[in-house]
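Chemist: Quick one: this structure, given as structure tokens, is what I'll be asking you about.
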Amino acid sequence: KKLKVLPPSLILPLVTGTHVEEGSEESKVLFDQIDDSEPLQKTVWDTVLTYLEKKNVGVETFDKESNILITDWVNEEREIPSSWYDFTGSSVSVSKKFKFTMTLAPHGRTAALRIELIDYVNEAGKAAIEQVDIISKRTEEANFLNNVISEYDFGIRLANNQRIATIRQGFSSEMGFNSDGEPAFVVDAVFENTWPRLLLVLRKMGFDVKDLDQSTGLLFVQYNGVESSWWSGLLGGNDELDIEKDEYRLKLEGIGEKTTVTFMDNESKPFDAKQIVKIFAPFKDYMGNEDLDI
């Protein structure tokens with residue numbers, strides 16, 4: 001009767017960028033770098049701290065250099081089984097402490113987060129960590145770590161939604177120069193947000209993207225002109241750019257919180273100031289238009 005016949009509690013790496021090591025007996029999950037805006041180590045620890053704060057759980061110690069965090073007491077109310085006709089109901093409280101340990105891969109783009117149940121106070125209010133069997137210990141660890149993984153997922157989705165909202169609002173831009181002193185558009189946004197916004201802007205301006213390489217910031221495009229409706233002609237509208245219908249290249253370069261966009265011909269010769277002025281007005285309008293589809 002004392003033998004526990006229970007399914008094992010599994011670590012659930014259901015979030016993009018998480019996985020587990022097959023055959024590992026530790027309660028551990030691995031996070032891969034998916035956002036280069038901040039170090040992975042900071043992202044994971046911020047997730048742990050955010051989850052603890054939401055659950056009103058304090059931190060007993062946090063050694064950032066050793067990558068070890070020990071929680072304060074995690075209190076849990078458990079109902080006591082009673083007869084079906086007993087409507088009063090009662091519960092007992094147990095308390096637990098967990099230890100988080102992070103191990104970073106040498107390249108810094110993968111972090112292993114391990115959790116361990118290190119202290120336990122039973123229903124009678126007595127320390128009983130030695131009496132916690134291995135199955136129960138694993139269950140406590142897996143459940144708590146899975147909650148942290150869920151918080152990590154929420155943080156990713158929240159960041160993506162905020163980023164999409166920012167991109168949808170549009171960015172201001174002005175004429176300026178790139179790092180080589182060549183005429184360019186200067187967009188008031190970081191590279192990671194300017195890139196997807198520019199793809200939409202180019203489509204609206206009449207460019208078709210033939211090839212691209214985000215890692216180098218290069219875009220190969222063909223200008224075919226803007227498709228106009230039959231009534232735009234009646235109203236005298238003209239959205240055509242004052243450039244030849246030809247192939248062009250664009251180069252994006254992140255400079256701090258801004259991004260330069262350099263238009264070039266098919267031989268990578270940058271537009272001169274006169275050519276830049278010809279297309280600046282529509283570029284600025286589309287880049288800053290809040291109603292642009294995304």
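Residue numbering restarts at 1 for every chain of the structure tokens, chains are lettered A, B, ... in their displayed order, and ligands are numbered from 1 as they appear.
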Excluding same-chain residues fewer than 6 positions from segment 210-225 of chain A, what lies within 7 Å of it counting only C-alpha atoms, as number ranges by chain?
Modeler: A: 240, 245-253
Chemist: Deliver the residues from the most recent selection as a file, using all heavy atoms, as a PDB file, in the first residue's frame.
Modeler:
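New file selection_29.pdb:
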```pdb
ATOM      1  N   GLU A 240       3.467  57.297 -58.716  1.00  0.00           N
ATOM      2  CA  GLU A 240       4.692  56.786 -59.301  1.00  0.00           C
ATOM      3  C   GLU A 240       5.905  57.554 -58.765  1.00  0.00           C
ATOM      4  O   GLU A 240       5.851  58.781 -58.565  1.00  0.00           O
ATOM      5  CB  GLU A 240       4.645  56.907 -60.823  1.00  0.00           C
ATOM      6  CG  GLU A 240       3.601  56.019 -61.484  1.00  0.00           C
ATOM      7  CD  GLU A 240       3.981  54.551 -61.446  1.00  0.00           C
ATOM      8  OE1 GLU A 240       5.193  54.252 -61.453  1.00  0.00           O
ATOM      9  OE2 GLU A 240       3.073  53.700 -61.390  1.00  0.00           O
ATOM     10  N   LYS A 245      12.046  52.291 -63.958  1.00  0.00           N
ATOM     11  CA  LYS A 245      11.584  50.961 -63.563  1.00  0.00           C
ATOM     12  C   LYS A 245      12.713  49.977 -63.842  1.00  0.00           C
ATOM     13  O   LYS A 245      12.899  49.500 -64.955  1.00  0.00           O
ATOM     14  CB  LYS A 245      10.313  50.583 -64.322  1.00  0.00           C
ATOM     15  CG  LYS A 245       9.119  51.450 -63.925  1.00  0.00           C
ATOM     16  CD  LYS A 245       7.847  51.023 -64.623  1.00  0.00           C
ATOM     17  CE  LYS A 245       6.673  51.886 -64.158  1.00  0.00           C
ATOM     18  NZ  LYS A 245       5.399  51.502 -64.839  1.00  0.00           N
ATOM     19  N   ASP A 246      13.464  49.690 -62.810  1.00  0.00           N
ATOM     20  CA  ASP A 246      14.703  48.923 -62.951  1.00  0.00           C
ATOM     21  C   ASP A 246      14.976  48.186 -61.641  1.00  0.00           C
ATOM     22  O   ASP A 246      14.201  48.268 -60.680  1.00  0.00           O
ATOM     23  CB  ASP A 246      15.856  49.871 -63.290  1.00  0.00           C
ATOM     24  CG  ASP A 246      17.039  49.161 -63.933  1.00  0.00           C
ATOM     25  OD1 ASP A 246      17.034  47.903 -63.962  1.00  0.00           O
ATOM     26  OD2 ASP A 246      17.957  49.858 -64.397  1.00  0.00           O
ATOM     27  N   GLU A 247      16.104  47.490 -61.594  1.00  0.00           N
ATOM     28  CA  GLU A 247      16.508  46.782 -60.388  1.00  0.00           C
ATOM     29  C   GLU A 247      17.366  47.709 -59.521  1.00  0.00           C
ATOM     30  O   GLU A 247      18.181  48.479 -60.038  1.00  0.00           O
ATOM     31  CB  GLU A 247      17.289  45.515 -60.739  1.00  0.00           C
ATOM     32  CG  GLU A 247      16.455  44.457 -61.450  1.00  0.00           C
ATOM     33  CD  GLU A 247      17.248  43.188 -61.712  1.00  0.00           C
ATOM     34  OE1 GLU A 247      18.478  43.192 -61.470  1.00  0.00           O
ATOM     35  OE2 GLU A 247      16.651  42.198 -62.153  1.00  0.00           O
ATOM     36  N   TYR A 248      17.167  47.577 -58.200  1.00  0.00           N
ATOM     37  CA  TYR A 248      17.913  48.402 -57.257  1.00  0.00           C
ATOM     38  C   TYR A 248      18.328  47.551 -56.061  1.00  0.00           C
ATOM     39  O   TYR A 248      17.873  46.424 -55.880  1.00  0.00           O
ATOM     40  CB  TYR A 248      17.056  49.589 -56.782  1.00  0.00           C
ATOM     41  CG  TYR A 248      16.669  50.528 -57.899  1.00  0.00           C
ATOM     42  CD1 TYR A 248      15.458  50.374 -58.573  1.00  0.00           C
ATOM     43  CD2 TYR A 248      17.499  51.580 -58.272  1.00  0.00           C
ATOM     44  CE1 TYR A 248      15.088  51.233 -59.597  1.00  0.00           C
ATOM     45  CE2 TYR A 248      17.142  52.458 -59.293  1.00  0.00           C
ATOM     46  CZ  TYR A 248      15.939  52.264 -59.952  1.00  0.00           C
ATOM     47  OH  TYR A 248      15.589  53.126 -60.969  1.00  0.00           O
ATOM     48  N   ARG A 249      19.178  48.148 -55.248  1.00  0.00           N
ATOM     49  CA  ARG A 249      19.621  47.497 -54.014  1.00  0.00           C
ATOM     50  C   ARG A 249      19.489  48.479 -52.857  1.00  0.00           C
ATOM     51  O   ARG A 249      19.668  49.680 -53.043  1.00  0.00           O
ATOM     52  CB  ARG A 249      21.083  47.025 -54.133  1.00  0.00           C
ATOM     53  CG  ARG A 249      21.307  45.999 -55.235  1.00  0.00           C
ATOM     54  CD  ARG A 249      22.768  45.600 -55.352  1.00  0.00           C
ATOM     55  NE  ARG A 249      22.969  44.669 -56.458  1.00  0.00           N
ATOM     56  CZ  ARG A 249      24.137  44.138 -56.798  1.00  0.00           C
ATOM     57  NH1 ARG A 249      25.235  44.461 -56.101  1.00  0.00           N
ATOM     58  NH2 ARG A 249      24.224  43.303 -57.809  1.00  0.00           N
ATOM     59  N   LEU A 250      19.185  47.934 -51.690  1.00  0.00           N
ATOM     60  CA  LEU A 250      19.101  48.755 -50.485  1.00  0.00           C
ATOM     61  C   LEU A 250      19.973  48.128 -49.408  1.00  0.00           C
ATOM     62  O   LEU A 250      20.079  46.898 -49.330  1.00  0.00           O
ATOM     63  CB  LEU A 250      17.668  48.855 -49.960  1.00  0.00           C
ATOM     64  CG  LEU A 250      16.681  49.762 -50.703  1.00  0.00           C
ATOM     65  CD1 LEU A 250      16.152  49.071 -51.951  1.00  0.00           C
ATOM     66  CD2 LEU A 250      15.520  50.131 -49.795  1.00  0.00           C
ATOM     67  N   LYS A 251      20.554  48.995 -48.604  1.00  0.00           N
ATOM     68  CA  LYS A 251      21.372  48.505 -47.497  1.00  0.00           C
ATOM     69  C   LYS A 251      20.926  49.185 -46.214  1.00  0.00           C
ATOM     70  O   LYS A 251      20.877  50.408 -46.149  1.00  0.00           O
ATOM     71  CB  LYS A 251      22.854  48.753 -47.727  1.00  0.00           C
ATOM     72  CG  LYS A 251      23.744  48.221 -46.598  1.00  0.00           C
ATOM     73  CD  LYS A 251      25.208  48.330 -46.930  1.00  0.00           C
ATOM     74  CE  LYS A 251      26.075  47.842 -45.770  1.00  0.00           C
ATOM     75  NZ  LYS A 251      25.812  46.427 -45.435  1.00  0.00           N
ATOM     76  N   LEU A 252      20.603  48.367 -45.211  1.00  0.00           N
ATOM     77  CA  LEU A 252      20.213  48.882 -43.897  1.00  0.00           C
ATOM     78  C   LEU A 252      21.374  48.722 -42.931  1.00  0.00           C
ATOM     79  O   LEU A 252      22.076  47.702 -42.947  1.00  0.00           O
ATOM     80  CB  LEU A 252      18.993  48.135 -43.356  1.00  0.00           C
ATOM     81  CG  LEU A 252      17.613  48.615 -43.817  1.00  0.00           C
ATOM     82  CD1 LEU A 252      17.418  48.272 -45.289  1.00  0.00           C
ATOM     83  CD2 LEU A 252      16.517  47.966 -42.998  1.00  0.00           C
ATOM     84  N   GLU A 253      21.540  49.713 -42.083  1.00  0.00           N
ATOM     85  CA  GLU A 253      22.622  49.681 -41.094  1.00  0.00           C
ATOM     86  C   GLU A 253      22.123  50.274 -39.782  1.00  0.00           C
ATOM     87  O   GLU A 253      21.642  51.400 -39.737  1.00  0.00           O
ATOM     88  CB  GLU A 253      23.820  50.475 -41.601  1.00  0.00           C
ATOM     89  CG  GLU A 253      24.993  50.502 -40.630  1.00  0.00           C
ATOM     90  CD  GLU A 253      26.122  51.388 -41.129  1.00  0.00           C
ATOM     91  OE1 GLU A 253      25.937  52.089 -42.139  1.00  0.00           O
ATOM     92  OE2 GLU A 253      27.193  51.392 -40.478  1.00  0.00           O
TER      93      GLU A 253
END
```
Chemist: Which residues, written as a PyMOL selection string, have at least one atom at most 10 Å from Gly17 of chain A, with only C-alpha atoms counted and residues fewer than 6 positions away on the same chain left out?
Modeler: chain A and resi 30-35+110+153
Chemist: Residues of the last selection are to be written out with all heavy atoms, as a short mmCIF file (atom, residue, chain, number, x, y, z; two decimals), in the first residue's frame.
Modeler:
```cif
data_model
loop_
_atom_site.label_atom_id
_atom_site.label_comp_id
_atom_site.auth_asym_id
_atom_site.auth_seq_id
_atom_site.Cartn_x
_atom_site.Cartn_y
_atom_site.Cartn_z
N LEU A 30 16.43 23.64 -21.01
CA LEU A 30 17.44 24.41 -21.71
C LEU A 30 16.76 25.49 -22.55
O LEU A 30 15.79 25.22 -23.26
CB LEU A 30 18.30 23.53 -22.63
CG LEU A 30 19.33 22.64 -21.92
CD1 LEU A 30 18.68 21.36 -21.42
CD2 LEU A 30 20.48 22.30 -22.84
N PHE A 31 17.27 26.71 -22.44
CA PHE A 31 16.76 27.85 -23.20
C PHE A 31 17.78 28.22 -24.26
O PHE A 31 18.98 28.33 -23.97
CB PHE A 31 16.53 29.06 -22.29
CG PHE A 31 15.47 28.87 -21.25
CD1 PHE A 31 15.80 28.38 -19.99
CD2 PHE A 31 14.14 29.17 -21.51
CE1 PHE A 31 14.82 28.21 -19.01
CE2 PHE A 31 13.17 29.00 -20.55
CZ PHE A 31 13.51 28.51 -19.30
N ASP A 32 17.33 28.42 -25.48
CA ASP A 32 18.19 28.90 -26.57
C ASP A 32 17.90 30.37 -26.81
O ASP A 32 16.77 30.84 -26.66
CB ASP A 32 17.94 28.11 -27.86
CG ASP A 32 18.40 26.67 -27.74
OD1 ASP A 32 19.37 26.42 -27.00
OD2 ASP A 32 17.78 25.79 -28.38
N GLN A 33 18.95 31.10 -27.22
CA GLN A 33 18.81 32.52 -27.50
C GLN A 33 17.92 32.72 -28.71
O GLN A 33 18.20 32.20 -29.80
CB GLN A 33 20.18 33.15 -27.78
CG GLN A 33 20.16 34.64 -28.02
CD GLN A 33 20.36 35.42 -26.74
OE1 GLN A 33 21.16 35.07 -25.90
NE2 GLN A 33 19.64 36.51 -26.61
N ILE A 34 16.82 33.45 -28.55
CA ILE A 34 15.94 33.76 -29.68
C ILE A 34 15.77 35.26 -29.86
O ILE A 34 15.21 35.70 -30.85
CB ILE A 34 14.56 33.09 -29.53
CG1 ILE A 34 13.88 33.56 -28.24
CG2 ILE A 34 14.67 31.59 -29.57
CD1 ILE A 34 12.47 33.05 -28.08
N ASP A 35 16.24 36.02 -28.90
CA ASP A 35 16.13 37.48 -28.96
C ASP A 35 17.49 38.06 -28.60
O ASP A 35 17.99 37.87 -27.49
CB ASP A 35 15.06 37.98 -27.99
CG ASP A 35 14.90 39.49 -28.04
OD1 ASP A 35 15.54 40.12 -28.91
OD2 ASP A 35 14.15 40.04 -27.23
N THR A 110 22.98 29.35 -25.05
CA THR A 110 22.15 28.31 -24.47
C THR A 110 22.36 28.33 -22.96
O THR A 110 23.49 28.37 -22.49
CB THR A 110 22.50 26.92 -25.01
OG1 THR A 110 22.27 26.89 -26.42
CG2 THR A 110 21.63 25.85 -24.37
N ASP A 153 7.12 31.88 -21.79
CA ASP A 153 6.30 31.93 -23.00
C ASP A 153 5.47 33.21 -23.02
O ASP A 153 5.35 33.89 -24.05
CB ASP A 153 5.38 30.71 -23.05
CG ASP A 153 4.43 30.74 -24.24
OD1 ASP A 153 4.89 30.99 -25.37
OD2 ASP A 153 3.22 30.49 -24.04
#
```
Chemist: Going by DSSP on the backbone, which bits of segment 104-280 of chain A are strand (DSSP E or B)? Write them as an MDAnalysis selection string, please.
Modeler: chainID A and resid 104 110:121 127 173:177 183:187 207:213 218:223 247:255 258:265 270
Chemist: Excluding same-chain residues fewer than 2 positions from Asp72 of chain A, what lies within 8 Å of it counting only C-alpha atoms, as a VMD selection string?
Modeler: chain A and resid 57 to 60 70 74 97 to 98
Chemist: Rank nothing, just name the residue among A:Ser91, A:Thr47, A:Ser150, A:Thr139 nearest to Arg78 of chain A, using only C-alpha atoms.
Modeler: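 Looking only at the distances to Arg78 of chain A, the closest residue turns out to be A:Ser91.
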